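*Asks:* Structure provided below as structure tokens; questions to follow.
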Amino acid sequence: MLKEIVRGLSTTFRQIFEKPVTIQYPEVKRPVRPRFKGRHILKRYDNGLEKCIGCSLCAAACPADAIFVEAAENTDELRYSPGERYASTYEINLLRCIFCGYCEDACPTEAIILGDNYELSFTDRRSAIYTKEMLIEPVKPGGKPTPQKVEPGKFTRSIPDMQDPQD
Amino acid sequence: MGVEQKLGNMGVVTISLENAVNWARTNAMWPMLFGLACCAIEMMSAQSAHYDMSRFGMELMRASPRQSDLMIVAGRVSRKMAPVLRRLYDQMPDPKWVISMGDCASCSGVFNNYALVQGVDEVVPVDVYVAGCPPRPEALLHGILTLHEKVKNEKMVKWS
Amino acid sequence: MAQLISLMIDDKPVKVPEGTLIVNAAKKVGIDIPVFCYHPKMEPVGMCRMCLVEIGRPQIDRETRKPVLDEQGNPVIQFGPKLETACTTPVSEGMVVMGMSDKVKKGRQDILEFLLTSHPLDCPICDKGGECPLQNLTMEHGPGVSRFLYDEKMHLAKHYPLGDLILLDRERCIQCGRCVRFQDEIVGEPVIGFEQRGRSLQIETFSDPGFDSYYSGNTTDICPVGALTTTDFRFGARPWELKPVASVCSQCPVGCNITYNIRREARAGGRYVIKRVLPRQHEEVNEIWICDKARFAGYQYAESPERLTRPMLRRNGELVESSWDEALQVVAERFKAATGGLVTYAGGRLSNEDLFNLKQLTEGLKGQAILKSSIGGGVLVAQMGVAKGTDLGKLGAGDAILVIASDLQEEAPIWWLRVKQAADRGATLIVVNPRQTRLDRFATHTLRYDYGSETATVLAMINALESKKTRLPDWLAKYRPNRFQTAAAKAFAGAKNGIILFGQEGMDLPRSQELALACANLLFLTDHLGSPNNGLIGVWESANTQGAWDMGFRPSTELKEMFSSARAVYVVAADPAGDDPSLADALEQSEFVVVQELFLTSTARLADVVLPVTAQPEREGTYTTGERRVQRFFPAIPAPGGVIPDYEIAARIGERSGLKMENRAASLVFAQLAARVSDYEGLSYRSLAETHEQWPIIGRDDLYYGGTAYENTQGLGVQLMPSSQKRKIFQVNWQEPPVRVSGKGLLGVPITRLYDRGATVTPSRSLASRVPGPFILVNETTAQKLDMHNDAPVQLMLAGSAYSAMLRVDTAVPESVVLVPRSLGIPLSELQPVDIRVAETTPA
């Protein structure tokens, strides 16, 4: 019996010299896995135009009914996205969202992706509704903010032309 | 409270006491286990060695409401569970706080149906909502830190 | 009854009348044959080739002319070498149709591959995406992969406005021609058509302004792709996000069944808003069509920010907001004090429930219930109206329709459409109007008369007939018919069924009462009363004028005297001061004016109390159409806080004045109404909500067959029986029309325009560009005499006041006549001498 106790305790005492495994969150943040799904980001093209065309397919795919989209028509004077349609309102209720990524799959222009941010705590429910301004990524260097004034007839396709579409 | 009236005239002391009390409260907040579904797994994980909630003064998850300050509602609350939840909340001593962990507790998430309470704030006052399905342990810790921020800003007159 | 033909479609035995097309026969037994260009309401053309099927016919022995039999004694079926179109092939005895064979499936795949060679596939941004026949059929029958090169797709205009209301996307068009054929065949106004040939084929509009038709919106419903879209719904919502709510159009007496599509909007603060209006099938009222006024003006007024939301009381000369309790208390006290001197003036926009409660209140306080209507004869319509079971869509060869004093397309567009189609089917159409209208083209007999002598024309027609039924009064002899009138009268008398529609062209109250009486007498003498598809129809100004007549409201010619001597005036859903400034003076003389309205109208501005009400899409109720069909509408959107329905306001005032009235729900008011108003006996909200299956079957999952119009599942309504049908007793009164001497010079004539400045039309954003400013019409000779040209700003002198207007030259106008459209700002309500002067300034 003594032998067992010693064996057991030896395991315990050995741990004293081990490095602690605790991650010192919030000071240290463990990087997330590549396939982790966090808060959504609405993407832009390099020229600053929004990829989102307001088609509402993400809202249709959403199992939790967390996405709300309202669309409006682009003009060449006030252009938000290529093609005719853009999202005038884009809201995600992050308290409803289950981060399943169906919106990502449904998006025809790859405008919405789920990012790495998981620090989503709110003290009231209203602030959990993220609007388009909060979700959209900043304009990349060289791009212009939307709405843009563009030359007519240049951005007529909503869905970018595919070169030799494979799938 | 007589003390309050006295202290009220001494400006700076009052503020200090507020801070002192709030600081004390944030660092000894014992959560109550209220694991109801999948979120509970992440909550347990948050208590385990890798994340170690006791770093924030949450040494113990108490199974008794009478010994806890913070109720973490982790999971979907059915209509049948709601009165139990409320009763346990009522049994907690003041001051007490509630974290609604995950989508189901916050607004029932994907389960938009008659069997579930559409948001636990229908039953108890919620201080912090944590988004995620389920939120990872860090997200829960973030929620707890958000609650700490909230508690630190509490005013003496609001103490009950 | 046509002979029944039996055939087999996909191994299902089918029995259909001779002449039925295979696609319709299949539909009857629940087999879907996909189509794009075929539409059950139009002639088949076989353009899209989507409906290709394998058809086998029994082999006929050439000598004996009998089917060849095989060893078992079954007829030998011979299949054609190629696929045939099911939409152009009528059924024949013993036919075998195979709609699901491999050959057919391959054919469909190939057709879809061809159709998609130049389709942009921008379904994510297409308004039709989700309710698109091309999308659905490609999913069901499509090849999945295209062998054509993606890069070689045609790139055409994506935003091509055909008109102010309809946009065309040329890339999406599959050239099925449904829109072109609708305008050509059904409406008879070919304002759009095909241009160029082959791959360059395009839709183009040939009118100015573009797509100038009151029916243009229907083309977007039947378009099988997203090529035609309406401007008001463009990118408004995805179809699957919309909820349908059944309603009835509140713009004219036809009572078209419509469906409001609603959804929650962030722009409206998360509240439900109406996104679009679609037709709801009712084969006896509007089939599957609605006019553009219903589609674009039917709801937008409800969302107007100008809406009244709080009751207002006049304090120290100013209208100030008050509480409902206070306002109703003031009104009730004053009304009670005014017992015997109350005048209730109600418009035909109100529902039957409102009118019933208003009548109860007025009767309880011994007041007078006055209807806002410039044409009369509603009592006659209740007696001699069209009988229960009437359907303009069933009229055809052997039947006659007489349209008198009406520019029907402007007054009731869907009746125009149905009358026109009846004429196409062979019905005798007699158009009696002082000027040419769009209906003349389809008329068998066209009679003209001078403005003011419409009754004389009908009396002359009566005179042309030999009457054995009743002794005609002696004075009738002086109305001598000419040969055109005789021919028209004989044609009408000889018809199997006969319907008379009398309208608003140049009408005022006494004249139209005389006209209605003369028309009723003509119907009586020609035996066109008391049975279905016979009787009198009033083309009223508002949706529920007939209901108001039935509830006991009567129009009056002495409004001015009535208002100025009344101790209290209760104006509901009407704007007398805005219609006629002299009535404003009369209202100012009356002791106490209460206005119940949606907006702060001119009348409301001079009222002592203003009560805000709910709009039609926000509430429940019933309307009675001109054909006396009672139809129900349902609440679609929430009312702004602080407004209540008219029937409830009336009831609450009544309760405070010591009357016992129902204020809880429209259905309970209707129950009271059904118990008290004899014609409405036995009706209930439940009986109005009954439906039966209608042909063609539309609005189910197969959007490609009939378009996006909704199937009617919320009620077809009930047509009332006129007393001529109920009791088979006709009372004929003869009344000699008084002789009116009209002065020399120009004669001002009120006419009706569809797009006017009515309270519910002006707030419409979509129609804003189509609603004209004040204008008057004269012919070239008159214009020359006045030394004025087209589009000249003029001043119309009317009873001592001057009104600015634009002068337009129209060849159809008789000489020395000035046509003045109603509700456009010039208060001409009867035939009246006018004068035209050159305007000093251009009207704003």
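Labeling convention for the structure tokens: chains A, B, ... as they appear, residues from 1 per chain, ligands from 1 in order of appearance.
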Using only C-alpha atoms, what does the table of chain A residues within 10 Å of chain B look like, with each row giving the shortest atom pair and its distance in Å to one decimal, sorted by chain and ascending number, as JSON lines?
*Replies:*
```
{"residue": "A:Pro20", "atom": "CA", "partner": "B:Ala49", "partner_atom": "CA", "distance": 8.3}
{"residue": "A:Val21", "atom": "CA", "partner": "B:His50", "partner_atom": "CA", "distance": 5.6}
{"residue": "A:Thr22", "atom": "CA", "partner": "B:His50", "partner_atom": "CA", "distance": 4.1}
{"residue": "A:Ile23", "atom": "CA", "partner": "B:His50", "partner_atom": "CA", "distance": 5.7}
{"residue": "A:Gln24", "atom": "CA", "partner": "B:Tyr51", "partner_atom": "CA", "distance": 7.3}
{"residue": "A:Tyr25", "atom": "CA", "partner": "B:Glu138", "partner_atom": "CA", "distance": 7.0}
{"residue": "A:Pro26", "atom": "CA", "partner": "B:His142", "partner_atom": "CA", "distance": 7.7}
{"residue": "A:Lys29", "atom": "CA", "partner": "B:Glu138", "partner_atom": "CA", "distance": 8.4}
{"residue": "A:Arg30", "atom": "CA", "partner": "B:Glu138", "partner_atom": "CA", "distance": 9.1}
{"residue": "A:Lys37", "atom": "CA", "partner": "B:Gly132", "partner_atom": "CA", "distance": 9.7}
{"residue": "A:Gly38", "atom": "CA", "partner": "B:Gly132", "partner_atom": "CA", "distance": 8.3}
{"residue": "A:Arg39", "atom": "CA", "partner": "B:Gly132", "partner_atom": "CA", "distance": 9.2}
{"residue": "A:Cys62", "atom": "CA", "partner": "B:Val110", "partner_atom": "CA", "distance": 9.2}
{"residue": "A:Pro63", "atom": "CA", "partner": "B:Val110", "partner_atom": "CA", "distance": 6.2}
{"residue": "A:Ala64", "atom": "CA", "partner": "B:Val110", "partner_atom": "CA", "distance": 4.2}
{"residue": "A:Asp65", "atom": "CA", "partner": "B:Val110", "partner_atom": "CA", "distance": 7.6}
{"residue": "A:Ala66", "atom": "CA", "partner": "B:Gly109", "partner_atom": "CA", "distance": 8.4}
{"residue": "A:Asn93", "atom": "CA", "partner": "B:Ala131", "partner_atom": "CA", "distance": 9.5}
{"residue": "A:Leu94", "atom": "CA", "partner": "B:Ala131", "partner_atom": "CA", "distance": 6.1}
{"residue": "A:Leu95", "atom": "CA", "partner": "B:Ala131", "partner_atom": "CA", "distance": 5.0}
{"residue": "A:Arg96", "atom": "CA", "partner": "B:Gly109", "partner_atom": "CA", "distance": 4.5}
{"residue": "A:Cys97", "atom": "CA", "partner": "B:Gly109", "partner_atom": "CA", "distance": 6.8}
{"residue": "A:Ile98", "atom": "CA", "partner": "B:Cys133", "partner_atom": "CA", "distance": 4.9}
{"residue": "A:Phe99", "atom": "CA", "partner": "B:Cys133", "partner_atom": "CA", "distance": 6.7}
{"residue": "A:Cys100", "atom": "CA", "partner": "B:Cys133", "partner_atom": "CA", "distance": 8.6}
{"residue": "A:Asn117", "atom": "CA", "partner": "B:Ala139", "partner_atom": "CA", "distance": 9.4}
{"residue": "A:Tyr118", "atom": "CA", "partner": "B:Ala139", "partner_atom": "CA", "distance": 5.9}
{"residue": "A:Glu119", "atom": "CA", "partner": "B:Ala139", "partner_atom": "CA", "distance": 5.2}
{"residue": "A:Leu120", "atom": "CA", "partner": "B:Ala131", "partner_atom": "CA", "distance": 5.5}
{"residue": "A:Ser121", "atom": "CA", "partner": "B:Val130", "partner_atom": "CA", "distance": 4.4}
{"residue": "A:Phe122", "atom": "CA", "partner": "B:Tyr129", "partner_atom": "CA", "distance": 5.1}
{"residue": "A:Thr123", "atom": "CA", "partner": "B:Val128", "partner_atom": "CA", "distance": 4.5}
{"residue": "A:Asp124", "atom": "CA", "partner": "B:Val128", "partner_atom": "CA", "distance": 7.0}
{"residue": "A:Arg125", "atom": "CA", "partner": "B:Tyr129", "partner_atom": "CA", "distance": 7.4}
{"residue": "A:Ala128", "atom": "CA", "partner": "B:Ala131", "partner_atom": "CA", "distance": 8.2}
```
*Asks:* Export, as a CSV table (one decimal), in the first residue's frame, the selected residues with N, CA and C atoms.
*Replies:*
```
chain,number,residue,atom,x,y,z
A,20,PRO,N,3.7,25.8,-15.7
A,20,PRO,CA,2.3,25.8,-15.6
A,20,PRO,C,1.7,25.9,-17.0
A,21,VAL,N,0.5,25.3,-17.2
A,21,VAL,CA,-0.1,25.2,-18.5
A,21,VAL,C,-1.0,26.4,-18.7
A,22,THR,N,-1.3,27.1,-17.7
A,22,THR,CA,-2.3,28.2,-17.8
A,22,THR,C,-1.9,29.3,-18.8
A,23,ILE,N,-2.9,29.6,-19.7
A,23,ILE,CA,-2.6,30.7,-20.6
A,23,ILE,C,-3.1,32.0,-19.9
A,24,GLN,N,-2.3,33.0,-19.9
A,24,GLN,CA,-2.6,34.2,-19.1
A,24,GLN,C,-3.5,35.1,-19.9
A,25,TYR,N,-4.7,34.6,-20.2
A,25,TYR,CA,-5.6,35.5,-20.9
A,25,TYR,C,-6.1,36.5,-19.9
A,26,PRO,N,-6.3,37.7,-20.1
A,26,PRO,CA,-6.2,38.4,-21.4
A,26,PRO,C,-4.9,38.9,-21.9
A,29,LYS,N,-2.9,35.8,-25.6
A,29,LYS,CA,-4.0,35.2,-26.3
A,29,LYS,C,-3.6,34.1,-27.2
A,30,ARG,N,-4.1,32.9,-27.0
A,30,ARG,CA,-3.7,31.8,-27.9
A,30,ARG,C,-4.3,32.0,-29.3
A,37,LYS,N,-14.2,30.0,-36.5
A,37,LYS,CA,-15.2,31.0,-37.0
A,37,LYS,C,-15.5,32.0,-35.9
A,38,GLY,N,-15.1,33.2,-36.1
A,38,GLY,CA,-15.4,34.3,-35.1
A,38,GLY,C,-16.3,35.3,-35.8
A,39,ARG,N,-16.1,36.6,-35.3
A,39,ARG,CA,-17.0,37.6,-35.8
A,39,ARG,C,-16.8,37.9,-37.3
A,62,CYS,N,-29.1,31.7,-43.2
A,62,CYS,CA,-28.8,31.8,-41.8
A,62,CYS,C,-29.8,30.9,-41.0
A,63,PRO,N,-29.4,29.9,-40.2
A,63,PRO,CA,-30.4,29.1,-39.5
A,63,PRO,C,-30.9,29.8,-38.3
A,64,ALA,N,-30.2,30.8,-37.8
A,64,ALA,CA,-30.7,31.5,-36.6
A,64,ALA,C,-31.4,32.8,-36.9
A,65,ASP,N,-31.5,33.1,-38.2
A,65,ASP,CA,-32.2,34.4,-38.6
A,65,ASP,C,-31.5,35.6,-38.0
A,66,ALA,N,-30.2,35.6,-38.0
A,66,ALA,CA,-29.4,36.6,-37.3
A,66,ALA,C,-29.1,37.8,-38.2
A,93,ASN,N,-27.1,40.2,-35.8
A,93,ASN,CA,-27.2,40.1,-34.4
A,93,ASN,C,-26.3,39.0,-33.9
A,94,LEU,N,-25.2,39.4,-33.3
A,94,LEU,CA,-24.2,38.5,-32.9
A,94,LEU,C,-24.7,37.6,-31.7
A,95,LEU,N,-25.7,38.0,-31.0
A,95,LEU,CA,-26.3,37.1,-30.0
A,95,LEU,C,-27.1,36.0,-30.6
A,96,ARG,N,-27.6,36.2,-31.8
A,96,ARG,CA,-28.3,35.1,-32.5
A,96,ARG,C,-27.4,34.2,-33.3
A,97,CYS,N,-26.4,34.8,-33.8
A,97,CYS,CA,-25.5,34.1,-34.7
A,97,CYS,C,-24.8,32.9,-34.0
A,98,ILE,N,-24.8,31.8,-34.7
A,98,ILE,CA,-24.2,30.6,-34.1
A,98,ILE,C,-22.9,30.3,-34.7
A,99,PHE,N,-22.4,31.2,-35.5
A,99,PHE,CA,-21.1,31.1,-36.1
A,99,PHE,C,-20.9,29.8,-36.9
A,100,CYS,N,-21.9,29.4,-37.7
A,100,CYS,CA,-21.9,28.2,-38.4
A,100,CYS,C,-21.2,28.4,-39.7
A,117,ASN,N,-12.2,37.1,-34.3
A,117,ASN,CA,-12.5,37.8,-33.1
A,117,ASN,C,-13.6,37.0,-32.4
A,118,TYR,N,-13.3,36.6,-31.1
A,118,TYR,CA,-14.3,35.9,-30.3
A,118,TYR,C,-14.6,36.7,-29.1
A,119,GLU,N,-14.0,37.9,-28.9
A,119,GLU,CA,-14.3,38.7,-27.7
A,119,GLU,C,-15.5,39.5,-27.8
A,120,LEU,N,-16.7,38.8,-27.7
A,120,LEU,CA,-17.9,39.4,-28.0
A,120,LEU,C,-18.8,39.4,-26.7
A,121,SER,N,-18.7,40.3,-25.9
A,121,SER,CA,-19.5,40.4,-24.7
A,121,SER,C,-20.2,41.7,-24.7
A,122,PHE,N,-21.4,41.7,-24.3
A,122,PHE,CA,-22.2,43.0,-24.4
A,122,PHE,C,-23.0,43.1,-23.1
A,123,THR,N,-23.1,44.4,-22.7
A,123,THR,CA,-23.9,44.6,-21.5
A,123,THR,C,-25.4,44.9,-21.8
A,124,ASP,N,-25.7,45.1,-23.1
A,124,ASP,CA,-27.1,45.1,-23.4
A,124,ASP,C,-27.3,44.5,-24.8
A,125,ARG,N,-28.5,44.1,-25.1
A,125,ARG,CA,-28.7,43.3,-26.3
A,125,ARG,C,-28.7,44.2,-27.6
A,128,ALA,N,-25.4,44.3,-29.3
A,128,ALA,CA,-25.0,43.1,-30.0
A,128,ALA,C,-25.3,43.1,-31.5
```
*Asks:* Mind listing the helix (DSSP H, G or I) residues of chain B, per DSSP on the backbone, as a VMD selection string?
*Replies:* chain B and resid 2 to 8 12 to 26 39 to 47 53 to 56 65 to 67 81 to 91 102 to 107 120 to 122 137 to 152 156 to 158
*Asks:* With only C-alpha atoms considered, list every residue of chain A at most 8 Å from chain C, as a PyMOL selection string.
*Replies:* chain A and resi 53-57+70-73+84-85+89+108+158-159+164
*Asks:* Got time to write the residues from that selection, C-alpha atoms, as a PDB file, in the first residue's frame?
*Replies:*
```
ATOM      1  CA  ILE A  53     -24.148  43.127 -53.306  1.00  0.00           C
ATOM      2  CA  GLY A  54     -27.041  42.968 -50.868  1.00  0.00           C
ATOM      3  CA  CYS A  55     -28.502  39.769 -52.282  1.00  0.00           C
ATOM      4  CA  SER A  56     -29.745  38.565 -48.914  1.00  0.00           C
ATOM      5  CA  LEU A  57     -28.643  34.993 -49.566  1.00  0.00           C
ATOM      6  CA  GLU A  70     -31.881  45.757 -47.141  1.00  0.00           C
ATOM      7  CA  ALA A  71     -30.755  46.525 -50.642  1.00  0.00           C
ATOM      8  CA  ALA A  72     -30.732  49.599 -52.839  1.00  0.00           C
ATOM      9  CA  GLU A  73     -29.615  50.506 -56.315  1.00  0.00           C
ATOM     10  CA  GLU A  84     -26.665  47.287 -59.723  1.00  0.00           C
ATOM     11  CA  ARG A  85     -27.382  46.339 -56.179  1.00  0.00           C
ATOM     12  CA  THR A  89     -28.512  48.072 -44.430  1.00  0.00           C
ATOM     13  CA  PRO A 108     -21.881  34.534 -54.199  1.00  0.00           C
ATOM     14  CA  SER A 158     -22.200  42.159 -59.650  1.00  0.00           C
ATOM     15  CA  ILE A 159     -20.464  38.869 -59.633  1.00  0.00           C
ATOM     16  CA  ASP A 164     -12.493  29.425 -67.003  1.00  0.00           C
TER      17      ASP A 164
END
```
*Asks:* Any idea what's packed within 6 Å of Gly506 of chain C, counting only C-alpha atoms, ignoring anything in its chain fewer than 2 positions away? Could you give it as number ranges by chain?
*Replies:* C: 749-751
*Asks:* If you keep N, CA and C atoms, can you produce a file of those selected residues as a CSV table (one decimal), in the first residue's frame?
*Replies:*
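Here's the written file out30.csv:
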```csv
chain,number,residue,atom,x,y,z
C,749,VAL,N,-67.0,71.0,-68.8
C,749,VAL,CA,-67.5,69.6,-68.6
C,749,VAL,C,-66.5,68.9,-67.7
C,750,PRO,N,-67.0,68.4,-66.5
C,750,PRO,CA,-66.2,67.6,-65.7
C,750,PRO,C,-66.0,66.2,-66.2
C,751,ILE,N,-64.7,65.7,-66.3
C,751,ILE,CA,-64.4,64.3,-66.6
C,751,ILE,C,-63.5,63.7,-65.6
```
*Asks:* Segment 186-322 of chain C: which residues are strand (DSSP E) by DSSP, as JSON, numbers by chain?
*Replies:* {"C": [192, 193, 194, 195, 202, 203, 204, 205, 228, 229, 230, 243, 244, 245, 246, 247, 248, 257, 258, 259, 260, 261, 262, 263, 264, 272, 273, 274, 275, 276, 277, 278, 279, 312, 313, 314, 315, 318, 319, 320, 321]}
*Asks:* What lies within 12 Å of segment 139-153 of chain A using only C-alpha atoms, ignoring chain neighbours under 2 positions off, as number ranges by chain?
*Replies:* A: 42-51, 73-84, 86-88, 133, 136-137, 155-157; C: 155-159
*Asks:* Just the number, please: distance in Å from atom CA of Pro133 of chain C to atom CA of Gly107 of chain C, one decimal.
*Replies:* 17.5 Å
*Asks:* Quick one: residues within 8 Å of Leu116 of chain B, only C-alpha atoms, excluding same-chain residues fewer than 2 positions away - as number ranges by chain?
*Replies:* B: 76-79, 108, 111-114, 118
*Asks:* What does the distance between atom CA of Glu588 of chain C and atom CA of Ala607 of chain C come to in Å, to one decimal place?
*Replies:* 8.4 Å
*Asks:* Find the residues near Trp415 of chain C: any atom within 8 Å, counting only C-alpha atoms, skip ones fewer than 6 places away on the same chain, and give them as JSON, numbers by chain.
*Replies:* {"C": [254, 408, 409]}
*Asks:* What lies within 10 Å of Arg25 of chain B using only C-alpha atoms, ignoring chain neighbours under 6 positions off, as a VMD selection string?
*Replies:* chain B and resid 19 57 69 95 to 96 148 151 to 152
